[in-house]
4 protein chains.
Amino acid sequence: MHQDSLTSQESQSPDAHFLGIRQRSLDLIEGFSAEDLQIQSMPDASPGKWHLAHTTWFFDHFILRSHQHNYRPFDNRFDYLFNSYYDAVGSRHARPERGLLSRPSLQQVLDYRNQVDLAITELLEKHGDNSALQTLVVTGLHHEMQHQELMLTDLKHALSRNIFALPEHKASARNGATIESRFIRYYESITRIGANDEGFSYDCEKPKHRVFLEPYELRNTLITNREWLQFMADEGYQNPTWWLSDGWFYCQKAQWRAPLYWREHQDGWEEMTFEGYQPVVLDAPVCHISYYEADAFCRWAGWRLPTEYEWEHSVRSAGKSHGHFAEQTPWHPQPPTSETEGLCQAQGTVWEWTSSAFSPYPGFQPLQGALGEYNGKFMANQFVLKGGSCATPAEQMRFSYRNFFHPYQRWQFSGVRPARNIDL
Amino acid sequence: MHQDSLTSQESQSPDAHFLGIRQRSLDLIEGFSAEDLQIQSMPDASPGKWHLAHTTWFFDHFILRSHQHNYRPFDNRFDYLFNSYYDAVGSRHARPERGLLSRPSLQQVLDYRNQVDLAITELLEKHGDNSALQTLVVTGLHHEMQHQELMLTDLKHALSRNIFALPEHKASARNGATIESRFIRYYESITRIGANDEGFSYDCEKPKHRVFLEPYELRNTLITNREWLQFMADEGYQNPTWWLSDGWFYCQKAQWRAPLYWREHQDGWEEMTFEGYQPVVLDAPVCHISYYEADAFCRWAGWRLPTEYEWEHSVRSAGKSHGHFAEQTPWHPQPPTSETEGLCQAQGTVWEWTSSAFSPYPGFQPLQGALGEYNGKFMANQFVLKGGSCATPAEQMRFSYRNFFHPYQRWQFSGVRPARNIDL
Amino acid sequence: MHQDSLTSQESQSPDAHFLGIRQRSLDLIEGFSAEDLQIQSMPDASPGKWHLAHTTWFFDHFILRSHQHNYRPFDNRFDYLFNSYYDAVGSRHARPERGLLSRPSLQQVLDYRNQVDLAITELLEKHGDNSALQTLVVTGLHHEMQHQELMLTDLKHALSRNIFALPEHKASARNGATIESRFIRYYESITRIGANDEGFSYDCEKPKHRVFLEPYELRNTLITNREWLQFMADEGYQNPTWWLSDGWFYCQKAQWRAPLYWREHQDGWEEMTFEGYQPVVLDAPVCHISYYEADAFCRWAGWRLPTEYEWEHSVRSAGKSHGHFAEQTPWHPQPPTSETEGLCQAQGTVWEWTSSAFSPYPGFQPLQGALGEYNGKFMANQFVLKGGSCATPAEQMRFSYRNFFHPYQRWQFSGVRPARNIDL
Amino acid sequence: MHQDSLTSQESQSPDAHFLGIRQRSLDLIEGFSAEDLQIQSMPDASPGKWHLAHTTWFFDHFILRSHQHNYRPFDNRFDYLFNSYYDAVGSRHARPERGLLSRPSLQQVLDYRNQVDLAITELLEKHGDNSALQTLVVTGLHHEMQHQELMLTDLKHALSRNIFALPEHKASARNGATIESRFIRYYESITRIGANDEGFSYDCEKPKHRVFLEPYELRNTLITNREWLQFMADEGYQNPTWWLSDGWFYCQKAQWRAPLYWREHQDGWEEMTFEGYQPVVLDAPVCHISYYEADAFCRWAGWRLPTEYEWEHSVRSAGKSHGHFAEQTPWHPQPPTSETEGLCQAQGTVWEWTSSAFSPYPGFQPLQGALGEYNGKFMANQFVLKGGSCATPAEQMRFSYRNFFHPYQRWQFSGVRPARNIDL
């Protein structure tokens, strides 16, 4: 078993596991119409329908075409339409125009899913002991899980552009956290970072290697909305002192003055959630903030973001620390209720920005072929996030998982856990 | 009866007339899914669903709110969503984001149409003799007809961005025109241009006024695809000599090398139609060209575009000259088969670019209130087109009708009828 | 003698006339450094040095190369650098990068001017009776005069981007106009518009042709700063009611709230002039406004802009009406002091926007060859201005002169004389 | 004495040292006119005149205003014009408009330099033993040296936009390197990275801290033009396989097909140098390449870029390795002629891209006040370059020096020294 994974599927047969994860994608779109799943609200996002088709294409293209004898694809043109970014696969539909694909229809995409699912389960029944095949299927399922999260974040963004997307009920406040915040000290060490070859992991998590850590402190809890409101009240969004130069430029251009999805109401700040607009819960972790905001907040507070190494070292030491994952609704971060080795909500709840640029580990080898484009070609201008969020499938998460986004992006469920230096 | 109108509805009762035109909007979307009607393929275009809702809002906002006692709108938020550009009405949804409105659904919009149609017919039954009301209803119907054409042109554009939008069958060529092209001479005159107060017309068509015309010649037939291919073969798209400065800039930026919807195939040029890709029919009028292209073609040929005054003078003299309107499919221009006073296809078939900028007529008075924004505020940077197209409802057309678009736009069914100077 | 021209040069020999106008270009740059003449403050403007070189290139390229035996150009590369927009001449330096040409230096450009002036005067001495040559030289001089004005407007714009461009002295106010404003009535007529073949004129002013005018009224005086301040006080810049749709978009994007070069000061509005910042003179004509602003002002006031035909008809009837031209400083519009046939400052002072798009006259024939690009290729998206300004050389002006700019441009000395309709 | 610095100035008095470095800025602009020093050829670059003024402002603002009793600034407005990016200092002239500042003139800027130099030398004579003052002066001199290099790179770029910037003579090829390229192995280690408190260094070089290095190999020589031409011949610029995703986007958008300043000639590739266009010298290090190109080259070759830690560890072990600095002309990289501990041209010659994003070192503390903006606010989206170039003043360089640029930028003298992994 994987040393890192937070969940286990031993009891499931490979095809039950396969079908279970595939089904979850369909569960997530319950309540959304074909029209909801058609729209692309910004170039960074993709339509729900596109996610459903693209994840299917992954099995279609990378597995069935090479492993299925006499394979007849559902539609040859899907190779053009539903390739995301694999240059080695050939040309493809322009990303910002995914929302224009009214054809194929949602129904055709669901039929496509069915046909591919059937073919994959047949293949697994016949060749389930083929380890190359197993690896590809598991990769496809992890890929599917990544897109389950992206589909949620993209749908949330799409709904935010519709004025009557959601009920406007006011949930009763869920404040009342009892976990006091404090910094936990970690002494200098040589730590081992990344994944080894047991269990599934992406190429960018490998090889496991040694990193020297100077002493540091990491906060037990995430930054809360209460703290964020203090930053705002102190004109955090108006004062260049706290901001990176690129961040200040972006903040002014995009006219940021609060996290994404917040709006000011006569009774105070509200935020859009999948359950409609809600008053901001003061003790809940702040969410939907960019790297630039996370970094500015930390400077203002006299702290800093942790490196990905510090984060992994601390959280791995603490052991499993299940926060709130996508299996559990609401898809919205909640105040913490318990600690694991002192750390609260270190997995799930919100992705945690680190100060580490997404770079190759020493000895990094991308996968051969088109799948080598999965991670390696994004190693510039992006920062690593750790730990997963309340929109992440739990099974996907592990200590070595490296998520990455551009520093201006904030439509993911991203938050902050600060670190600080120690003068010894 | 209107002196100009090409069709008549005397035999119909007002509410039958109303329901007939409203129904035609629904007839046009047959075969299109909710997803097809959701997408907005460029900022100039709107989703089909939006057109269906906006034309309904026009009756809702401008008639029912003021004439219906105790009127309860279908949804108050529609005033924000489905106002197109009336600043006097208040703020509105951003035009380039119309494609993001997955809510309300197509079904809700159809329900909206039903409720409004019912309310209007009730109103017409009760107050059918109220002439202010009648005028508003007729205006709403002309507005609806304009949007019927826009809906077709926008759907065509949307389909063009989908790789499997349409069947790819090849129609048998429909060449074989027997009308020989020639120029018809018109001597100097003082002509009366525009609409008088009988029948329906827009404010920008008024007042009827006098214009002095120097002698000119106008061609009996439209420019054909055959002639356009000669222009292309002579490097018309590569030679700045023929182009307006702004046009050449645009041509290079957009990399034009043929009309919109054309593509080169091993057997020659094809064009996308509502019936799929078809070989270009040599004797059919060229279509989907911008003002810049129309103007460049004329310079290359040694001709020029007519003014809107020359056009109206000639066509009015010829009398009714029914070409091919939207009531008749295919929605695609066909070769000419007959002449009226020498002029072929002077109404319907394709909109004809004129060299006249869209400007106020002497004595122009915009309507009072929000409807004064209908035409008057667009009187800069646009050129007048005359005559209607194969996507225009016949009832909407009259000699004085002034359509207007920016010189770079080419997704309308627009073509060219050249004029030339006479040295006397 | 030219029927239209406002000045006469009969007494001068052709080469004295040539050298006189060429010298005036140098007079205008007195007080500006090589660095001032280097900069290009926006893509619409050109550096002073570039103007000095381009006007010289016009004589070099269009005259000396074809008329001078064994001509050795000053530098062959200048054909690439100093061609403005003649596609027929070949490729050229990118317009927005004119400000990057630090080489050749100002001194080299002045040497270039000297060499070309010498060659032209020699040519005129030898072949002064060659009428084709004469025509080209006169064309070159009119071209030079156009650029003298552009050089002033471009230098003014360049200075406006420098915080210590100019002395900040406050001139004493020069208010006190005694001319009362009123509208002058003109009855319907067939008028003759444009230039005939006597004297110099551009191709776009020809042929002289007949236009029918419905009755109208034209104001004797230009709109004043006092009136403009009333428009501003009534939230003219904040209210879409008065604006063309494209104009309102531009107004918001560019955040206009006053004419170009105005700034608000604790004591009221000031404007930048060649003599430094000055309090706005209430009785002086408003200046540096775009077509969009001019049009919005007129709608607000219940008036409209005149067509170019109405303008030419009225001013031609009034006869010569010398306003204030560039020979007289300050280069800034002054309050009116006298009337000619009722019209004040109808020539010089400020260019007057008309509602006429810049279009070909009936029978228009562009010049043969590269000079055919001089005017004809700009006949889209621009509006005609009439009458000249306080930065225009007087000799260049005539009733038929058609200046043209895009409706958003406002760095020219442009103002408004309103017209209005008559209900008879 | 600083443990790291490559040169020493012990023998000089502080004011002689000050004046010497200040004078070097003036030496560098010999042969450039006021017009050359006026232009800004892209937003990333600044005019030469601006560099001369800004470096002077640094002494004016940060030293004279606080240390000089009764100090009367040369011109108070310079604080607005010549502040580069210090938000704490106040508002400032927009960066992309530096090229529009024709005023003050070059002569006024030279006068400004004189006055400030005089004031600083007076201050040094009176208070030379004030260590805070000394630190500020030394900081100002290092700042001046940085701008000496930027002024050269910006002038080179400006000249490249002028078609007759430079003589076009062909230098005789200077090939013939005798140093064979090979990889040098470094075993795992804990190394100490960064600067300690002796001597001058920037805040971002501190604190000295420990880093664990897995084993790696670093090449003795820089990548040559010969190798770069092989990459080009193998369609390196046309094949997305080798490129980062952002890099491929940029490569296509900017249409890169060779290093900056290269052009194809009938006899082969040439590059623009300060001595005119020269045939590319095959054995010389490639120069003027972006991070994206450096990274793509390494992937193509099967190598990778070193981290900044690997680079510093190797070069520090080798000890001083003077390459070619700005004191020596031509300002252009030359083939290597000698090795230091195996490494050739590890300092000077070309800046070497590392794979390390510019991030804070553990324990990083920005300086207090405005100078804290010097480095810390750029710690996103930029990569570290090490070693200096042939345009860098030698005195400025040290092992711990971290230069940083965006990955698309290539107008610096930047090249590549590859590393590779070891499978042990």
# chains A, B, ... in the order shown; residues from 1 in each chain; ligands from 1
call {"tool": "interface_residues", "arguments": {"of": "chain D", "to": "chain C", "cutoff": "12 Å", "atoms": "only C-alpha atoms", "output": "tab-separated table (two decimals) with N, CA, C and O atoms, in the first residue's frame"}}
result
chain	number	residue	atom	x	y	z
D	32	PHE	N	27.28	58.46	-28.04
D	32	PHE	CA	25.82	58.49	-28.17
D	32	PHE	C	25.32	59.93	-28.06
D	32	PHE	O	25.80	60.69	-27.21
D	33	SER	N	24.37	60.28	-28.90
D	33	SER	CA	23.85	61.65	-28.91
D	33	SER	C	22.72	61.80	-27.90
D	33	SER	O	22.19	60.82	-27.37
D	34	ALA	N	22.34	63.05	-27.66
D	34	ALA	CA	21.18	63.32	-26.79
D	34	ALA	C	19.95	62.60	-27.32
D	34	ALA	O	19.10	62.13	-26.55
D	35	GLU	N	19.82	62.50	-28.65
D	35	GLU	CA	18.66	61.81	-29.23
D	35	GLU	C	18.73	60.31	-28.95
D	35	GLU	O	17.72	59.68	-28.63
D	36	ASP	N	19.94	59.73	-29.06
D	36	ASP	CA	20.09	58.30	-28.73
D	36	ASP	C	19.69	58.02	-27.29
D	36	ASP	O	19.12	56.98	-26.97
D	37	LEU	N	20.05	58.96	-26.42
D	37	LEU	CA	19.82	58.75	-24.98
D	37	LEU	C	18.39	59.13	-24.57
D	37	LEU	O	18.02	59.00	-23.41
D	38	GLN	N	17.61	59.58	-25.53
D	38	GLN	CA	16.23	59.99	-25.26
D	38	GLN	C	15.25	58.83	-25.42
D	38	GLN	O	14.21	58.79	-24.77
D	39	ILE	N	15.55	57.88	-26.27
D	39	ILE	CA	14.52	56.95	-26.70
D	39	ILE	C	14.39	55.71	-25.81
D	39	ILE	O	15.35	55.25	-25.19
D	40	GLN	N	13.19	55.23	-25.74
D	40	GLN	CA	12.84	54.03	-24.96
D	40	GLN	C	12.22	53.04	-25.96
D	40	GLN	O	11.11	53.23	-26.43
D	41	SER	N	12.96	51.99	-26.24
D	41	SER	CA	12.55	51.14	-27.36
D	41	SER	C	11.57	50.04	-26.98
D	41	SER	O	11.02	49.38	-27.85
D	42	MET	N	11.37	49.85	-25.69
D	42	MET	CA	10.31	48.94	-25.23
D	42	MET	C	10.06	49.25	-23.76
D	42	MET	O	10.91	49.85	-23.10
D	47	PRO	N	15.36	54.98	-21.19
D	47	PRO	CA	16.31	55.80	-21.95
D	47	PRO	C	17.63	55.96	-21.19
D	47	PRO	O	17.65	55.98	-19.95
D	49	LYS	N	19.34	58.63	-20.84
D	49	LYS	CA	19.24	59.85	-20.02
D	49	LYS	C	18.54	59.55	-18.70
D	49	LYS	O	18.94	60.08	-17.65
D	75	ASP	N	16.16	70.00	-8.29
D	75	ASP	CA	14.81	70.29	-8.76
D	75	ASP	C	13.87	69.34	-8.04
D	75	ASP	O	14.01	68.13	-8.16
D	76	ASN	N	12.90	69.89	-7.34
D	76	ASN	CA	12.01	69.04	-6.54
D	76	ASN	C	11.20	68.07	-7.38
D	76	ASN	O	10.80	67.02	-6.91
D	77	ARG	N	10.95	68.44	-8.62
D	77	ARG	CA	10.11	67.59	-9.46
D	77	ARG	C	10.82	66.30	-9.88
D	77	ARG	O	10.20	65.36	-10.34
D	78	PHE	N	12.17	66.29	-9.69
D	78	PHE	CA	12.90	65.08	-10.06
D	78	PHE	C	12.49	63.88	-9.20
D	78	PHE	O	12.63	62.74	-9.62
D	79	ASP	N	11.99	64.16	-8.02
D	79	ASP	CA	11.54	63.07	-7.16
D	79	ASP	C	10.39	62.31	-7.80
D	79	ASP	O	10.22	61.11	-7.58
D	80	TYR	N	9.60	63.00	-8.56
D	80	TYR	CA	8.50	62.37	-9.28
D	80	TYR	C	9.00	61.69	-10.55
D	80	TYR	O	8.60	60.58	-10.88
D	81	LEU	N	9.90	62.36	-11.25
D	81	LEU	CA	10.34	61.86	-12.56
D	81	LEU	C	11.29	60.68	-12.48
D	81	LEU	O	11.27	59.81	-13.34
D	92	ARG	N	4.89	58.45	-9.03
D	92	ARG	CA	6.01	58.62	-9.95
D	92	ARG	C	5.55	58.59	-11.39
D	92	ARG	O	4.44	58.17	-11.69
D	93	HIS	N	6.43	59.04	-12.26
D	93	HIS	CA	6.19	59.03	-13.70
D	93	HIS	C	6.01	57.59	-14.18
D	93	HIS	O	6.74	56.69	-13.76
D	94	ALA	N	5.04	57.39	-15.08
D	94	ALA	CA	4.75	56.04	-15.57
D	94	ALA	C	5.94	55.47	-16.33
D	94	ALA	O	6.49	56.11	-17.22
D	96	PRO	N	6.35	53.20	-18.75
D	96	PRO	CA	6.41	53.12	-20.21
D	96	PRO	C	6.51	54.48	-20.89
D	96	PRO	O	6.66	54.55	-22.09
D	97	GLU	N	6.42	55.55	-20.10
D	97	GLU	CA	6.48	56.89	-20.69
D	97	GLU	C	7.79	57.60	-20.38
D	97	GLU	O	7.88	58.82	-20.51
D	98	ARG	N	8.79	56.86	-19.95
D	98	ARG	CA	10.08	57.51	-19.68
D	98	ARG	C	10.68	58.11	-20.95
D	98	ARG	O	11.37	59.11	-20.89
D	99	GLY	N	10.39	57.50	-22.07
D	99	GLY	CA	10.94	58.00	-23.34
D	99	GLY	C	10.31	59.30	-23.79
D	99	GLY	O	10.76	59.90	-24.77
D	100	LEU	N	9.24	59.74	-23.11
D	100	LEU	CA	8.59	60.99	-23.50
D	100	LEU	C	9.16	62.20	-22.78
D	100	LEU	O	8.78	63.33	-23.06
D	101	LEU	N	10.06	61.96	-21.84
D	101	LEU	CA	10.61	63.07	-21.06
D	101	LEU	C	11.73	63.76	-21.85
D	101	LEU	O	12.91	63.51	-21.61
D	102	SER	N	11.33	64.63	-22.76
D	102	SER	CA	12.37	65.39	-23.46
D	102	SER	C	12.93	66.47	-22.53
D	102	SER	O	13.99	67.01	-22.77
D	103	ARG	N	12.19	66.75	-21.49
D	103	ARG	CA	12.63	67.74	-20.51
D	103	ARG	C	12.65	67.09	-19.13
D	103	ARG	O	11.66	66.48	-18.77
D	104	PRO	N	13.68	67.17	-18.35
D	104	PRO	CA	14.90	67.95	-18.57
D	104	PRO	C	15.74	67.39	-19.72
D	104	PRO	O	15.64	66.21	-20.04
D	105	SER	N	16.56	68.24	-20.27
D	105	SER	CA	17.46	67.86	-21.35
D	105	SER	C	18.63	67.05	-20.81
D	105	SER	O	18.89	67.03	-19.61
D	106	LEU	N	19.34	66.41	-21.70
D	106	LEU	CA	20.56	65.69	-21.30
D	106	LEU	C	21.50	66.64	-20.55
D	106	LEU	O	22.07	66.28	-19.53
D	107	GLN	N	21.64	67.86	-21.05
D	107	GLN	CA	22.56	68.78	-20.41
D	107	GLN	C	22.13	69.07	-18.98
D	107	GLN	O	22.97	69.11	-18.07
D	155	LEU	N	20.62	50.53	-24.46
D	155	LEU	CA	21.12	51.22	-25.65
D	155	LEU	C	21.28	50.24	-26.81
D	155	LEU	O	20.98	50.57	-27.96
D	157	HIS	N	19.48	47.66	-27.33
D	157	HIS	CA	18.15	47.41	-27.87
D	157	HIS	C	17.66	48.59	-28.69
D	157	HIS	O	17.06	48.43	-29.77
D	158	ALA	N	17.90	49.79	-28.19
D	158	ALA	CA	17.46	50.99	-28.91
D	158	ALA	C	18.13	51.05	-30.29
D	158	ALA	O	17.48	51.32	-31.30
D	159	LEU	N	19.41	50.79	-30.33
D	159	LEU	CA	20.12	50.83	-31.61
D	159	LEU	C	19.56	49.79	-32.57
D	159	LEU	O	19.52	50.01	-33.78
D	160	SER	N	19.12	48.69	-32.02
D	160	SER	CA	18.62	47.62	-32.89
D	160	SER	C	17.36	48.03	-33.63
D	160	SER	O	17.00	47.41	-34.63
D	161	ARG	N	16.66	49.05	-33.16
D	161	ARG	CA	15.45	49.51	-33.84
D	161	ARG	C	15.75	50.59	-34.87
D	161	ARG	O	14.83	51.08	-35.53
D	162	ASN	N	16.99	50.99	-34.99
D	162	ASN	CA	17.40	52.01	-35.95
D	162	ASN	C	18.11	51.33	-37.11
D	162	ASN	O	19.06	50.58	-36.89
D	163	ILE	N	17.67	51.60	-38.33
D	163	ILE	CA	18.29	50.86	-39.41
D	163	ILE	C	19.70	51.32	-39.74
D	163	ILE	O	20.45	50.60	-40.32
D	164	PHE	N	20.05	52.53	-39.39
D	164	PHE	CA	21.48	52.78	-39.59
D	164	PHE	C	22.16	53.18	-38.31
D	164	PHE	O	22.87	54.17	-38.23
D	165	ALA	N	21.96	52.33	-37.37
D	165	ALA	CA	22.51	52.56	-36.06
D	165	ALA	C	24.02	52.42	-36.09
D	165	ALA	O	24.75	53.16	-35.44
D	166	LEU	N	24.52	51.48	-36.81
D	166	LEU	CA	25.87	51.00	-36.55
D	166	LEU	C	26.55	50.68	-37.86
D	166	LEU	O	25.91	50.35	-38.84
call {"tool": "select_by_dssp", "arguments": {"residues": "segment 147-255 of chain B", "states": "strand (DSSP E or B)", "output": "list of chain:residue names"}}
result
B:Phe183, B:Ile184, B:Arg185, B:Tyr186, B:Ser189, B:Ile190, B:Thr191, B:Arg192, B:Ile193, B:His209, B:Arg210, B:Val211, B:Phe212, B:Leu213, B:Tyr216, B:Glu217, B:Leu218, B:Arg219, B:Thr224
call {"tool": "closest_residue", "arguments": {"among": "A:Pro418, A:Cys344, A:Ala233, A:Phe200", "to": "Leu218 of chain A", "atoms": "only C-alpha atoms"}}
result
A:Pro418
call {"tool": "residues_around", "arguments": {"residues": "segment 247-257 of chain C", "least_positions_apart": "5", "cutoff": "9 Å", "atoms": "only C-alpha atoms", "output": "JSON, numbers by chain"}}
result
{"B": [377, 380], "C": [232, 235, 236, 237, 238, 239, 240, 242, 291, 292, 293, 296, 407, 408]}
call {"tool": "atom_distance", "arguments": {"atom1": "atom CA of Phe364 of chain D", "atom2": "atom CA of Phe404 of chain D"}}
result
16.5 Å
call {"tool": "decode", "arguments": {"residues": "segment 142-148 of chain C", "atoms": "all heavy atoms", "output": "short mmCIF file (atom, residue, chain, number, x, y, z; two decimals), in the first residue's frame"}}
result
data_model
loop_
_atom_site.label_atom_id
_atom_site.label_comp_id
_atom_site.auth_asym_id
_atom_site.auth_seq_id
_atom_site.Cartn_x
_atom_site.Cartn_y
_atom_site.Cartn_z
N HIS C 142 1.68 72.27 -50.30
CA HIS C 142 0.45 72.11 -49.53
C HIS C 142 0.62 70.95 -48.53
O HIS C 142 0.13 71.03 -47.41
CB HIS C 142 -0.74 71.91 -50.47
CG HIS C 142 -1.24 73.20 -51.02
ND1 HIS C 142 -2.23 73.93 -50.42
CD2 HIS C 142 -0.83 73.92 -52.08
CE1 HIS C 142 -2.44 75.04 -51.09
NE2 HIS C 142 -1.61 75.07 -52.12
N HIS C 143 1.31 69.93 -48.95
CA HIS C 143 1.63 68.84 -48.05
C HIS C 143 2.47 69.36 -46.88
O HIS C 143 2.22 69.05 -45.71
CB HIS C 143 2.39 67.77 -48.85
CG HIS C 143 2.88 66.63 -48.03
ND1 HIS C 143 4.20 66.49 -47.64
CD2 HIS C 143 2.23 65.56 -47.52
CE1 HIS C 143 4.32 65.38 -46.94
NE2 HIS C 143 3.15 64.79 -46.85
N GLU C 144 3.43 70.18 -47.18
CA GLU C 144 4.28 70.77 -46.12
C GLU C 144 3.43 71.58 -45.15
O GLU C 144 3.61 71.47 -43.93
CB GLU C 144 5.35 71.67 -46.76
CG GLU C 144 6.32 72.31 -45.78
CD GLU C 144 7.69 71.63 -45.78
OE1 GLU C 144 8.01 70.89 -46.74
OE2 GLU C 144 8.44 71.81 -44.80
N MET C 145 2.50 72.32 -45.67
CA MET C 145 1.66 73.13 -44.79
C MET C 145 0.78 72.26 -43.89
O MET C 145 0.58 72.56 -42.72
CB MET C 145 0.83 74.12 -45.61
CG MET C 145 1.70 75.23 -46.21
SD MET C 145 0.74 76.54 -47.05
CE MET C 145 0.28 75.74 -48.58
N GLN C 146 0.26 71.19 -44.45
CA GLN C 146 -0.51 70.26 -43.60
C GLN C 146 0.36 69.76 -42.44
O GLN C 146 -0.09 69.67 -41.30
CB GLN C 146 -0.99 69.06 -44.41
CG GLN C 146 -2.13 69.37 -45.36
CD GLN C 146 -2.64 68.12 -46.06
OE1 GLN C 146 -1.84 67.25 -46.43
NE2 GLN C 146 -3.94 68.03 -46.26
N HIS C 147 1.62 69.45 -42.77
CA HIS C 147 2.49 68.92 -41.72
C HIS C 147 2.95 70.01 -40.77
O HIS C 147 3.30 69.72 -39.63
CB HIS C 147 3.66 68.16 -42.33
CG HIS C 147 3.26 66.77 -42.71
ND1 HIS C 147 3.27 65.72 -41.82
CD2 HIS C 147 2.79 66.26 -43.87
CE1 HIS C 147 2.85 64.62 -42.42
NE2 HIS C 147 2.54 64.91 -43.67
N GLN C 148 2.97 71.23 -41.21
CA GLN C 148 3.27 72.30 -40.25
C GLN C 148 2.22 72.32 -39.15
O GLN C 148 2.54 72.44 -37.97
CB GLN C 148 3.34 73.65 -40.98
CG GLN C 148 4.63 73.80 -41.81
CD GLN C 148 4.60 74.98 -42.76
OE1 GLN C 148 3.61 75.71 -42.86
NE2 GLN C 148 5.71 75.18 -43.47
#
